[in-house]
Each structure stands twice: as C-alpha cells, then as structure tokens.
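**Student:** My structure is stored as upload35.csv, with CSV, C-alpha atoms.
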```
chain,number,residue,atom,x,y,z
A,88,MET,CA,88.8,96.7,116.9
A,89,ALA,CA,90.3,99.7,115.3
A,90,MET,CA,93.9,100.0,114.0
A,91,ALA,CA,95.9,103.2,114.2
A,92,ALA,CA,99.2,104.0,112.5
A,93,ALA,CA,102.3,104.5,114.7
A,94,ALA,CA,103.4,107.8,116.1
A,95,ALA,CA,105.9,109.8,114.0
A,96,LEU,CA,109.5,108.8,114.0
A,97,THR,CA,112.3,111.3,113.5
A,98,VAL,CA,114.8,110.4,110.7
A,99,PRO,CA,117.9,112.2,109.5
A,100,ALA,CA,117.5,114.8,106.7
A,101,ARG,CA,119.2,112.2,104.4
A,102,THR,CA,118.7,108.5,104.7
A,103,LEU,CA,120.4,105.6,103.1
A,104,ALA,CA,118.8,103.2,100.6
A,105,TRP,CA,119.9,99.7,99.8
A,106,SER,CA,122.1,99.0,96.8
A,107,MET,CA,124.8,96.5,95.9
A,108,ALA,CA,127.7,97.1,93.5
A,109,PHE,CA,130.7,95.2,92.0
A,110,ALA,CA,134.1,96.8,92.0
A,111,ALA,CA,136.1,96.9,88.7
A,112,CYS,CA,138.2,94.0,89.9
A,113,GLY,CA,135.2,91.8,90.1
A,114,THR,CA,135.1,91.7,93.9
A,115,LEU,CA,131.7,92.4,95.4
A,116,VAL,CA,131.5,95.6,97.3
A,117,ALA,CA,128.5,96.2,99.5
A,118,CYS,CA,127.8,99.9,99.3
A,119,LEU,CA,125.1,102.4,100.3
A,120,THR,CA,123.6,105.1,98.1
A,121,LEU,CA,122.5,108.4,99.7
A,122,VAL,CA,118.9,109.5,98.9
A,123,ARG,CA,116.8,112.3,100.3
A,124,ALA,CA,114.5,111.4,103.1
A,125,ASP,CA,111.5,112.7,101.2
A,126,GLU,CA,112.1,110.2,98.4
A,127,LEU,CA,111.1,107.5,100.9
A,128,VAL,CA,107.8,107.0,102.7
A,129,SER,CA,109.2,108.7,105.7
A,130,ALA,CA,108.1,107.7,109.2
A,131,THR,CA,107.5,111.4,109.8
A,132,GLU,CA,104.9,111.6,107.0
A,133,GLU,CA,101.3,110.6,107.4
A,134,VAL,CA,99.9,107.4,106.0
A,135,ARG,CA,96.4,106.4,105.1
A,136,ILE,CA,95.1,102.9,105.8
A,137,THR,CA,92.2,101.9,103.5
A,138,THR,CA,90.3,98.7,103.7
A,139,ILE,CA,89.8,97.3,100.2
A,140,VAL,CA,88.6,93.7,101.0
A,141,ASP,CA,86.8,92.9,104.2
A,142,ASP,CA,84.9,89.6,103.5
A,143,VAL,CA,87.7,87.0,102.9
A,144,PRO,CA,88.4,85.3,106.2
A,145,GLY,CA,91.1,83.1,104.5
A,146,ALA,CA,93.0,86.0,102.9
A,147,GLY,CA,96.7,84.9,102.9
A,148,ALA,CA,99.6,85.1,100.5
A,149,LEU,CA,99.8,88.0,98.0
A,150,THR,CA,101.6,88.4,94.7
A,151,VAL,CA,101.3,91.2,92.2
A,152,SER,CA,101.5,91.5,88.4
A,153,PRO,CA,104.7,93.0,86.9
A,154,ASN,CA,102.9,96.4,86.4
A,155,GLY,CA,101.4,96.5,89.9
A,156,GLN,CA,97.9,96.9,88.6
A,157,THR,CA,96.6,93.5,89.6
A,158,VAL,CA,97.0,91.8,93.0
A,159,TYR,CA,96.5,88.0,93.4
A,160,CYS,CA,95.5,86.7,96.8
A,161,LEU,CA,95.3,83.1,98.1
A,162,ASP,CA,92.1,82.4,99.9
A,163,GLU,CA,93.2,79.6,102.3
A,164,VAL,CA,89.6,78.8,103.4
A,165,ARG,CA,88.3,78.2,99.9
A,166,ARG,CA,91.6,76.9,98.5
A,167,ALA,CA,91.2,79.3,95.6
A,168,VAL,CA,93.1,82.3,94.2
A,169,PHE,CA,91.3,85.6,93.4
A,170,ALA,CA,92.5,88.8,91.7
A,171,PHE,CA,91.6,92.4,92.5
A,172,ASP,CA,92.6,95.9,91.5
A,173,PRO,CA,94.2,97.5,94.6
A,174,PHE,CA,92.9,101.0,93.6
A,175,ALA,CA,89.4,99.8,92.5
A,176,PRO,CA,88.5,97.1,95.0
A,177,GLY,CA,85.1,96.5,93.4
A,178,ARG,CA,87.0,94.8,90.5
A,179,ARG,CA,87.5,91.3,91.9
A,180,ARG,CA,87.2,87.8,90.5
A,181,ASP,CA,88.4,84.3,91.0
A,182,VAL,CA,91.3,83.3,88.7
A,183,VAL,CA,92.0,79.7,89.9
A,184,ALA,CA,89.0,77.7,91.2
A,185,ALA,CA,88.9,76.1,94.6
A,186,ALA,CA,91.0,72.9,94.9
A,187,ALA,CA,88.8,69.8,95.4
A,188,GLU,CA,89.6,67.0,97.9
A,189,GLY,CA,92.6,65.1,96.7
A,190,GLN,CA,94.1,68.0,94.8
A,191,PRO,CA,97.1,69.9,96.1
A,192,VAL,CA,96.2,72.5,98.7
A,193,PRO,CA,97.7,75.9,97.6
A,194,VAL,CA,100.1,77.4,100.1
A,195,ALA,CA,102.2,80.0,98.1
A,196,ILE,CA,101.7,81.9,94.8
A,197,GLY,CA,103.8,84.0,92.4
A,198,CYS,CA,103.3,85.8,89.1
A,199,LEU,CA,105.3,84.7,86.0
A,200,PRO,CA,105.6,86.4,82.6
A,201,GLY,CA,102.9,85.7,80.0
A,202,ASP,CA,99.9,85.9,82.3
A,203,LEU,CA,101.0,82.8,84.3
A,204,LEU,CA,100.4,82.1,87.9
A,205,ALA,CA,102.7,79.7,89.8
A,206,ILE,CA,101.3,77.9,92.9
A,207,VAL,CA,103.1,75.8,95.4
A,208,GLY,CA,100.8,73.1,96.7
A,209,ARG,CA,100.7,70.3,99.2
A,210,SER,CA,98.8,67.0,98.9
A,211,GLY,CA,99.5,64.9,102.0
A,212,ASP,CA,103.3,64.8,102.3
A,213,ASP,CA,103.9,65.6,98.6
A,214,TRP,CA,104.8,69.1,97.5
A,215,THR,CA,104.3,70.4,94.0
A,216,LEU,CA,104.8,73.5,91.9
A,217,GLN,CA,102.2,74.1,89.2
A,218,THR,CA,101.5,76.9,86.7
A,219,PHE,CA,98.2,78.2,85.4
A,220,ARG,CA,97.3,80.5,82.5
A,221,ILE,CA,95.3,83.5,83.7
A,222,ARG,CA,92.8,84.7,81.0
A,223,PRO,CA,90.2,87.5,81.3
A,224,GLY,CA,86.8,86.2,82.1
A,225,GLU,CA,88.0,82.7,82.8
A,226,VAL,CA,88.7,80.7,85.9
A,227,ALA,CA,91.6,78.2,85.7
A,228,ASP,CA,90.8,74.6,86.7
A,229,PRO,CA,93.2,73.4,89.5
A,230,ALA,CA,93.0,69.9,88.1
A,231,ALA,CA,94.5,71.1,84.7
A,232,PRO,CA,97.8,73.0,85.3
A,233,LEU,CA,100.0,73.9,82.3
A,234,GLN,CA,102.9,72.2,84.1
A,235,SER,CA,103.4,70.4,87.4
A,236,ILE,CA,106.8,69.8,89.0
A,237,ARG,CA,107.1,67.5,92.0
A,238,LEU,CA,109.3,69.2,94.6
A,239,GLY,CA,109.6,66.2,97.0
A,240,THR,CA,108.1,64.6,100.1
A,241,ALA,CA,108.1,66.0,103.6
A,242,ALA,CA,105.9,65.2,106.6
A,243,THR,CA,106.6,68.3,108.7
A,244,ALA,CA,103.4,70.2,109.6
A,245,SER,CA,102.6,73.8,108.9
A,246,PRO,CA,105.7,75.3,107.4
A,247,VAL,CA,105.8,78.9,106.2
A,248,VAL,CA,106.5,78.6,102.5
A,249,LYS,CA,107.1,81.6,100.3
A,250,LEU,CA,107.5,82.0,96.5
A,251,VAL,CA,109.2,84.9,94.8
A,252,VAL,CA,110.0,85.7,91.2
A,253,SER,CA,113.1,87.6,89.9
A,254,HIS,CA,112.7,91.0,88.2
A,255,MET,CA,114.4,89.6,85.2
A,256,ARG,CA,111.6,87.1,85.0
A,257,ASP,CA,113.8,84.1,84.4
A,258,TRP,CA,113.9,82.4,87.8
A,259,LEU,CA,111.8,81.9,90.9
A,260,ALA,CA,112.6,80.7,94.4
A,261,VAL,CA,110.5,78.5,96.7
A,262,VAL,CA,111.6,79.2,100.2
A,263,GLY,CA,110.8,77.5,103.5
A,264,LEU,CA,109.9,74.0,102.4
A,265,PRO,CA,110.1,71.6,105.4
A,266,GLU,CA,112.9,69.2,106.0
A,267,PRO,CA,114.3,67.1,104.4
A,268,LEU,CA,113.6,69.3,101.4
A,269,ALA,CA,116.0,72.2,100.6
A,270,PRO,CA,115.1,75.4,102.5
A,271,VAL,CA,115.8,77.4,99.3
A,272,LEU,CA,114.9,75.9,95.9
A,273,ARG,CA,115.6,77.9,92.7
A,274,ILE,CA,113.7,77.1,89.5
A,275,VAL,CA,114.4,78.6,86.1
A,276,PHE,CA,111.7,79.0,83.5
A,277,ALA,CA,111.2,80.0,79.8
A,278,GLY,CA,107.7,80.4,78.6
A,279,VAL,CA,105.6,77.9,80.3
A,280,GLY,CA,108.5,75.5,81.0
A,281,MET,CA,110.1,75.2,84.4
A,282,ARG,CA,113.2,73.4,85.5
A,283,PRO,CA,114.7,73.1,89.0
A,284,LEU,CA,118.4,73.9,89.4
A,285,ALA,CA,121.0,72.0,91.4
A,286,ASN,CA,121.0,73.5,94.9
A,287,ASP,CA,124.7,72.9,95.7
A,288,SER,CA,125.5,76.6,95.6
A,289,TRP,CA,122.3,78.0,97.0
A,290,PRO,CA,122.0,79.3,100.5
A,291,GLY,CA,121.3,76.9,103.3
A,292,VAL,CA,119.7,78.0,106.6
A,293,ALA,CA,121.3,77.2,110.0
A,294,ALA,CA,119.5,74.5,112.1
A,295,ASP,CA,118.5,77.0,114.7
A,296,ARG,CA,117.0,79.4,112.2
A,297,ARG,CA,114.2,79.4,109.7
A,298,PRO,CA,113.4,81.5,106.6
A,299,ALA,CA,110.6,83.7,107.8
A,300,ALA,CA,110.3,85.9,104.7
A,301,THR,CA,111.9,86.5,101.3
A,302,ALA,CA,111.9,89.1,98.6
A,303,VAL,CA,113.8,90.0,95.4
A,304,SER,CA,115.9,93.2,95.6
A,305,PRO,CA,115.9,95.9,92.9
A,306,ALA,CA,119.3,94.4,91.8
A,307,ASP,CA,117.6,90.9,91.4
A,308,GLU,CA,119.3,89.5,94.5
A,309,LEU,CA,117.5,86.9,96.6
A,310,VAL,CA,116.9,88.4,100.1
A,311,LEU,CA,116.2,86.1,103.0
A,312,LEU,CA,115.0,87.2,106.4
A,313,GLU,CA,115.9,84.4,108.8
A,314,GLN,CA,114.3,84.1,112.2
A,315,PRO,CA,115.7,82.2,115.1
A,316,ARG,CA,113.3,79.4,115.9
A,317,ASP,CA,112.4,81.0,119.3
A,318,ALA,CA,110.8,83.8,117.3
A,319,VAL,CA,111.9,86.2,120.0
A,320,THR,CA,115.4,87.0,119.0
A,321,ALA,CA,115.7,89.5,116.1
A,322,ALA,CA,115.8,88.3,112.6
A,323,THR,CA,118.7,88.8,110.2
A,324,VAL,CA,118.5,90.0,106.6
A,325,ALA,CA,120.8,88.4,104.0
A,326,PHE,CA,121.4,89.3,100.4
A,327,HIS,CA,122.4,86.5,98.0
A,328,GLY,CA,123.8,86.8,94.5
A,329,VAL,CA,122.6,84.9,91.4
A,330,THR,CA,124.9,81.9,92.3
A,331,GLY,CA,123.6,81.8,95.9
A,332,VAL,CA,126.7,83.3,97.5
A,333,GLU,CA,125.9,85.5,100.5
A,334,LEU,CA,126.8,89.1,99.8
A,335,LEU,CA,125.7,90.9,103.0
A,336,ARG,CA,124.0,89.9,106.3
A,337,LEU,CA,122.7,92.4,108.9
A,338,ASP,CA,120.7,92.2,112.1
A,339,THR,CA,117.2,93.8,111.5
A,340,GLY,CA,116.4,94.3,115.2
A,341,LEU,CA,112.9,92.9,114.5
A,342,PRO,CA,111.3,89.8,116.1
A,343,GLN,CA,108.5,87.7,114.6
A,344,VAL,CA,109.0,88.5,110.9
A,345,ARG,CA,106.1,87.5,108.7
A,346,ASP,CA,106.7,88.8,105.2
A,347,ALA,CA,108.7,91.4,103.2
A,348,ALA,CA,108.6,93.3,99.9
A,349,PHE,CA,110.7,96.0,98.2
A,350,GLY,CA,109.0,99.2,97.1
A,351,ARG,CA,108.4,99.5,93.4
A,352,GLY,CA,109.6,103.1,93.2
A,353,ASP,CA,112.3,103.8,95.8
A,354,GLY,CA,113.4,100.2,96.6
A,355,ALA,CA,112.6,100.6,100.3
A,356,LEU,CA,112.5,97.3,102.1
A,357,TRP,CA,109.1,96.9,103.8
A,358,VAL,CA,108.7,94.2,106.5
A,359,LEU,CA,105.7,92.8,108.5
A,360,ALA,CA,107.1,92.0,111.9
A,361,GLY,CA,106.9,92.8,115.6
A,362,ASP,CA,105.3,91.6,118.8
A,363,ALA,CA,101.8,92.8,119.7
A,364,ALA,CA,102.8,93.0,123.3
A,365,SER,CA,106.0,94.9,122.8
A,366,ALA,CA,106.2,98.7,123.2
A,367,SER,CA,109.6,99.0,121.4
A,368,ARG,CA,109.0,96.5,118.6
A,369,PRO,CA,105.2,96.6,118.1
A,370,GLU,CA,103.4,94.4,115.6
A,371,GLY,CA,102.8,96.0,112.2
A,372,LEU,CA,104.5,97.5,109.1
A,373,TRP,CA,108.2,98.4,109.3
A,374,ARG,CA,110.7,99.9,106.9
A,375,LEU,CA,114.3,99.0,107.1
A,376,HIS,CA,116.8,101.8,106.6
A,377,ALA,CA,120.4,101.1,105.7
A,378,VAL,CA,122.7,103.2,107.9
A,379,MET,CA,126.4,103.4,108.9
A,380,ARG,CA,127.0,102.7,112.5
A,381,ASP,CA,130.5,102.9,114.0
A,382,GLY,CA,131.9,102.6,110.5
A,383,GLN,CA,129.9,99.5,109.7
A,384,GLN,CA,126.8,98.9,107.7
A,385,ALA,CA,123.7,98.4,109.9
A,386,VAL,CA,119.9,98.4,109.8
A,387,ASN,CA,117.7,101.0,111.4
A,388,PRO,CA,114.1,99.7,111.5
A,389,ALA,CA,111.4,102.4,111.4
A,390,HIS,CA,107.9,101.6,112.5
A,391,VAL,CA,105.3,102.9,110.1
A,392,ALA,CA,101.9,101.5,111.2
A,393,ARG,CA,100.4,99.3,113.8
A,394,LEU,CA,98.6,96.4,112.2
A,395,ILE,CA,96.7,93.5,113.8
A,396,ALA,CA,98.0,90.1,112.8
A,397,PRO,CA,99.6,91.1,109.4
A,398,ARG,CA,100.3,88.2,107.1
A,399,SER,CA,101.5,89.1,103.7
A,400,ILE,CA,102.6,92.3,101.8
A,401,ALA,CA,102.9,93.3,98.2
A,402,ALA,CA,104.1,96.7,96.7
A,403,VAL,CA,101.5,98.0,94.2
A,404,SER,CA,102.7,101.5,93.2
A,405,GLU,CA,105.7,103.8,93.6
A,406,ARG,CA,105.1,103.9,97.4
A,407,SER,CA,101.9,102.1,98.2
A,408,VAL,CA,101.7,98.6,99.7
A,409,VAL,CA,98.9,96.1,100.2
A,410,VAL,CA,98.7,93.9,103.3
A,411,THR,CA,96.6,91.0,104.3
A,412,LEU,CA,95.4,90.9,107.9
A,413,ALA,CA,93.0,88.7,109.9
A,414,GLY,CA,90.1,88.5,107.4
A,415,SER,CA,90.8,91.7,105.5
A,416,ILE,CA,93.1,93.4,103.0
A,417,VAL,CA,94.2,97.0,103.4
A,418,ARG,CA,96.2,99.4,101.2
A,419,ILE,CA,98.7,101.7,102.9
A,420,ASP,CA,99.5,105.0,101.2
A,421,PRO,CA,101.7,107.9,102.1
A,422,VAL,CA,100.0,111.2,102.6
A,423,ALA,CA,101.7,114.5,101.6
A,424,GLY,CA,102.9,116.6,104.4
A,425,ARG,CA,104.6,116.0,107.7
A,426,GLY,CA,103.6,115.7,111.3
A,427,ARG,CA,102.3,112.8,113.3
A,428,THR,CA,101.6,109.6,111.4
A,429,ARG,CA,97.9,108.8,111.6
A,430,THR,CA,95.2,106.7,110.1
A,431,ASP,CA,92.9,108.7,107.8
A,432,GLU,CA,90.5,105.8,107.4
A,433,LYS,CA,90.3,103.5,110.5
A,434,GLN,CA,89.3,100.0,109.7
A,435,ASP,CA,87.7,97.3,111.8
A,436,THR,CA,88.9,93.8,112.0
A,437,PRO,CA,87.0,90.8,113.2
```
Using the file provided, produce a representation of the structure as structure tokens.
**Tutor:**
Amino acid sequence: MAMAAAAALTVPARTLAWSMAFAACGTLVACLTLVRADELVSATEEVRITTIVDDVPGAGALTVSPNGQTVYCLDEVRRAVFAFDPFAPGRRRDVVAAAAEGQPVPVAIGCLPGDLLAIVGRSGDDWTLQTFRIRPGEVADPAAPLQSIRLGTAATASPVVKLVVSHMRDWLAVVGLPEPLAPVLRIVFAGVGMRPLANDSWPGVAADRRPAATAVSPADELVLLEQPRDAVTAATVAFHGVTGVELLRLDTGLPQVRDAAFGRGDGALWVLAGDAASASRPEGLWRLHAVMRDGQQAVNPAHVARLIAPRSIAAVSERSVVVTLAGSIVRIDPVAGRGRTRTDEKQDTP
C-alpha cells in the first residue's frame, strides 16, 4: 500500500509562530511572533517521504539525542531499544537489550544528558522509571539500570504513556499514566539522580479527557494535547509553565491525536492526528499554525502528508522529522520550491 503526501494548502504570505512572553509587571502575556511563511515547512512546499527502517514490526515510541544526530526507537515486539542515524539508516544497533520475562516491559523512552536513556516500564500493575547509560559498542542490560524509581501501582490496561525531557535538561515529565496515578508526573534530575516532585501544582486532566500527546516548547513549557475520550471531538493544546499553571489553551480542530513534537529550527508544532476515513481531517502529519481569528488567538491546522497508522514523531534537523508507522520508520523532509505537495519516494507498508 503506497502513501502519498497531501495536496498543497494555501497559507498567507506571513504566518504566525508560537511564542510565550512575560510582561514587565510579571503577568503572563500570551503573544504571537510574526515569521515569514518560507521560514516554516509550508504546506505549499513539496515534501519527500523516505523509508529509513522497514523491518521492525514493533517500531513504537521515538526520542532523539540533544543534537538530533541519533534517534532511539522502542521495539515493542522485542521489548528492546535500538538507535539509528536518521540520515544514514544503515547505522543501527541495539542500545538496551530485550527485557526478559519478569522484567519491566518498556512503554516510553526519553534522552537525558550524559548519554543516559530514561525508560518508563510496566511489570504487572507496577510502574517504574529507570535510567541506563548508553555507551558506543555496548548494549545495556535491562536488569541493571543506573537508577530505578517506582512510580506506583495501577491496573488499568493499555494506557498511552509519553515521556518528554525539558530543553534545560533538568526535568522530565511522564504523561498519561493510568488512574489512580497522576496524569502528569514531573521528575527532576541531576547527573544520574532522579527525584519526583510533588504534583500539587501540576496540571490535572478532566475526567472526560485524556492526554493524547505531549511535547516541550522552545520556551521549555510543558505542552499537552488533550483528547476527549470519544476520540472524535477535536483535541485541545494547552501550554503549562514551570510551576504547572496553564498559560494558554486552544482548540486544535484535530481528532485522534497520537503524538507531537516541536521543530528543532523554526519551533513549528508537528502533530500526528486525523481520521483515515475523513476527507477534511485525514490521518497523517499536521502542522499547527497560530493565528488571530476575530481578535482571539486560535489554531489553524495544516495537513502536510497522509500517513498510514502513524504512531510517534521526533524532530531530527532544522525542518525534518522522523515518524514511526505500522512496521516502518520514515523521514519527512521539505523540498525546495513550491507547487503541489507530493511524495518523491513512495513507500510501501505491510
């Protein structure tokens, strides 16, 4: 089955990028900064979709090294983590060996400073956060983490759990743990040491919603995309400051959100979302534009590419992103020039 990028979308000559700022009085002011449209991967530009891994049926959560040169992927079938170069896909190796029976099953991953990898795992009803040292030519033993923190006990089946790390590299957030655990758990770290913080001031999630995706903004804000539990109603995007206070909440217009990431160069907010059966909100890669509508801040979602069963996304260069699909991993790059958006390299999925 071949995948094709979406038809071109017309955008204004100038678009609005996300930013948050504080007024001199200390009151938060949500503002928007004007940037030229060609500074973003515009929907009117061409994109190239290149298959870089096609033999990992369990390809799941992604995380990327601080410099964007190494991507780590959770192999859910083997219960292992492997690393690859997104621009030289032949360079690939396991970095954390497959978890054996009785060991926590990895469900989310994140990169920490000092060549550390954080893994959220589940063993029965017990949830843990563990760290592992990543060394060239070595494969970490899942039975020998540098540190292991017990997050709690929850029996709810199949939650969507995400792990994100701040750009300042001094805190991480585990989002989407099942009840009765907190939906957002912040953990601070220094070196190899981690310590959970009290969650009193961190954002909760309404009972009729669930956190479907999370990312860290260029301003180091925790960004939550919350999906109504019916998965049909559009998700909202909410920005939270360092204390957990909500700074801004907007309707995305997108159903069935799966994952999100901010671009490394322009700060564009990329989202995997949509319904495969919808003509107006098709499944695939979207970019959220901040706009002013009737004097109010709003979101204009721009469809970039149709993707089959997208699962996770990571930004790997100024404008390129990597996405896991059903059994494969692709890199999506902008192509210079304007016209209809197309796929220069079509890729087959199982």
**Student:** Go through range 182-235 of chain A and flag each residue having an atom no more than 12 Å from range 251-264 of chain A; for those, report the closest pair of atoms plus their distance in Å to one decimal, using only C-alpha atoms, ordered by chain and rising number, as JSON lines.
**Tutor:**
```
{"residue": "A:Val194", "atom": "CA", "partner": "A:Leu264", "partner_atom": "CA", "distance": 10.6}
{"residue": "A:Ala195", "atom": "CA", "partner": "A:Val261", "partner_atom": "CA", "distance": 8.5}
{"residue": "A:Ile196", "atom": "CA", "partner": "A:Val251", "partner_atom": "CA", "distance": 8.1}
{"residue": "A:Gly197", "atom": "CA", "partner": "A:Val251", "partner_atom": "CA", "distance": 6.0}
{"residue": "A:Cys198", "atom": "CA", "partner": "A:Val252", "partner_atom": "CA", "distance": 7.0}
{"residue": "A:Leu199", "atom": "CA", "partner": "A:Arg256", "partner_atom": "CA", "distance": 6.8}
{"residue": "A:Pro200", "atom": "CA", "partner": "A:Arg256", "partner_atom": "CA", "distance": 6.5}
{"residue": "A:Gly201", "atom": "CA", "partner": "A:Arg256", "partner_atom": "CA", "distance": 10.1}
{"residue": "A:Leu203", "atom": "CA", "partner": "A:Arg256", "partner_atom": "CA", "distance": 11.5}
{"residue": "A:Leu204", "atom": "CA", "partner": "A:Val252", "partner_atom": "CA", "distance": 10.8}
{"residue": "A:Ala205", "atom": "CA", "partner": "A:Leu259", "partner_atom": "CA", "distance": 9.4}
{"residue": "A:Ile206", "atom": "CA", "partner": "A:Val261", "partner_atom": "CA", "distance": 10.0}
{"residue": "A:Val207", "atom": "CA", "partner": "A:Val261", "partner_atom": "CA", "distance": 8.0}
{"residue": "A:Gly208", "atom": "CA", "partner": "A:Leu264", "partner_atom": "CA", "distance": 10.8}
{"residue": "A:Arg209", "atom": "CA", "partner": "A:Leu264", "partner_atom": "CA", "distance": 10.4}
{"residue": "A:Asp212", "atom": "CA", "partner": "A:Leu264", "partner_atom": "CA", "distance": 11.3}
{"residue": "A:Asp213", "atom": "CA", "partner": "A:Leu264", "partner_atom": "CA", "distance": 11.0}
{"residue": "A:Trp214", "atom": "CA", "partner": "A:Leu264", "partner_atom": "CA", "distance": 8.6}
{"residue": "A:Thr215", "atom": "CA", "partner": "A:Val261", "partner_atom": "CA", "distance": 10.6}
{"residue": "A:Leu216", "atom": "CA", "partner": "A:Val261", "partner_atom": "CA", "distance": 9.0}
```
**Student:** With a distance cut-off of 10 Å and only C-alpha atoms, select the neighbouring residues of Val143 in chain A, excluding the residue or stretch itself and same-chain residues fewer than 3 positions from it, and output the selection as JSON, numbers by chain.
**Tutor:** {"A": [140, 146, 147, 160, 161, 162, 163, 164, 165, 411, 412, 413, 414, 415, 416]}
**Student:** To one decimal in Å, tell me the separation between CA of Ala148 in chain A and CA of Thr320 in chain A.
**Tutor:**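 Calculated distance between CA of Ala148 in chain A and CA of Thr320 in chain A is 24.4 Å.
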**Student:** Identify which of the residues A:Ala167, A:Ala392, A:Val303, A:Leu337 lies closest to Val378 in chain A, counting only C-alpha atoms when measuring atom-to-atom distances.
**Tutor:**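 Among the listed residues, the smallest separation from Val378 in chain A belongs to A:Leu337.
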**Student:** Tell me which of A:Leu334, A:Val182, A:Val408, A:Ala401 sits closest to Leu149 in chain A, counting all atoms listed in the file.
**Tutor:**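 For Leu149 in chain A, the nearest of the given residues is A:Ala401.
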**Student:** If we count only C-alpha atoms, what is near Arg374 in chain A at a cut-off of 7 Å, once residues fewer than 6 positions away on the same chain are taken out, given as JSON, numbers by chain?
**Tutor:** {"A": [355, 356, 357, 358, 388, 389, 390, 391]}
**Student:** Return the single residue from A:Leu359, A:Val386, A:Ala364, A:Ala306 that is closest to Val324 in chain A, with distances computed using only C-alpha atoms.
**Tutor:**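 Comparing A:Leu359, A:Val386, A:Ala364, A:Ala306 against Val324 in chain A, the winner is A:Val386.
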**Student:** When you draw a straight line from CA of Trp289 in chain A to CA of Leu268 in chain A, how long is it in Å?
**Tutor:**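 Taking CA of Trp289 in chain A as the start and CA of Leu268 in chain A as the end point, the length is 13.1 Å.
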**Student:** Compile the contact shell of range 309-311 of chain A as a PDB file with C-alpha atoms, in the coordinates of the input: residues with an atom at most 7 Å away, counting only C-alpha atoms, same-chain residues fewer than 3 positions apart removed.
**Tutor:**
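Okay, this is what ended up in around-v5.pdb:
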```
ATOM      1  CA  PRO A 298     113.400  81.500 106.600  1.00  0.00           C
ATOM      2  CA  ALA A 300     110.300  85.900 104.700  1.00  0.00           C
ATOM      3  CA  THR A 301     111.900  86.500 101.300  1.00  0.00           C
ATOM      4  CA  ALA A 302     111.900  89.100  98.600  1.00  0.00           C
ATOM      5  CA  VAL A 303     113.800  90.000  95.400  1.00  0.00           C
ATOM      6  CA  SER A 304     115.900  93.200  95.600  1.00  0.00           C
ATOM      7  CA  VAL A 324     118.500  90.000 106.600  1.00  0.00           C
ATOM      8  CA  ALA A 325     120.800  88.400 104.000  1.00  0.00           C
ATOM      9  CA  PHE A 326     121.400  89.300 100.400  1.00  0.00           C
ATOM     10  CA  HIS A 327     122.400  86.500  98.000  1.00  0.00           C
ATOM     11  CA  GLY A 328     123.800  86.800  94.500  1.00  0.00           C
TER      12      GLY A 328
END
```
**Student:** What is the distance, in Å and to one decimal place, between CA of Val226 in chain A and CA of Pro176 in chain A?
**Tutor:** 18.8 Å
**Student:** Rank A:Gly340, A:Gly280, A:Gly361, A:Gly352 by their smallest atom-to-atom distance to Leu375 in chain A, using all atoms listed in the file, and report the top residue only.
**Tutor:**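 Of A:Gly340, A:Gly280, A:Gly361, A:Gly352, the one nearest Leu375 in chain A is A:Gly340, counting all atoms listed in the file.
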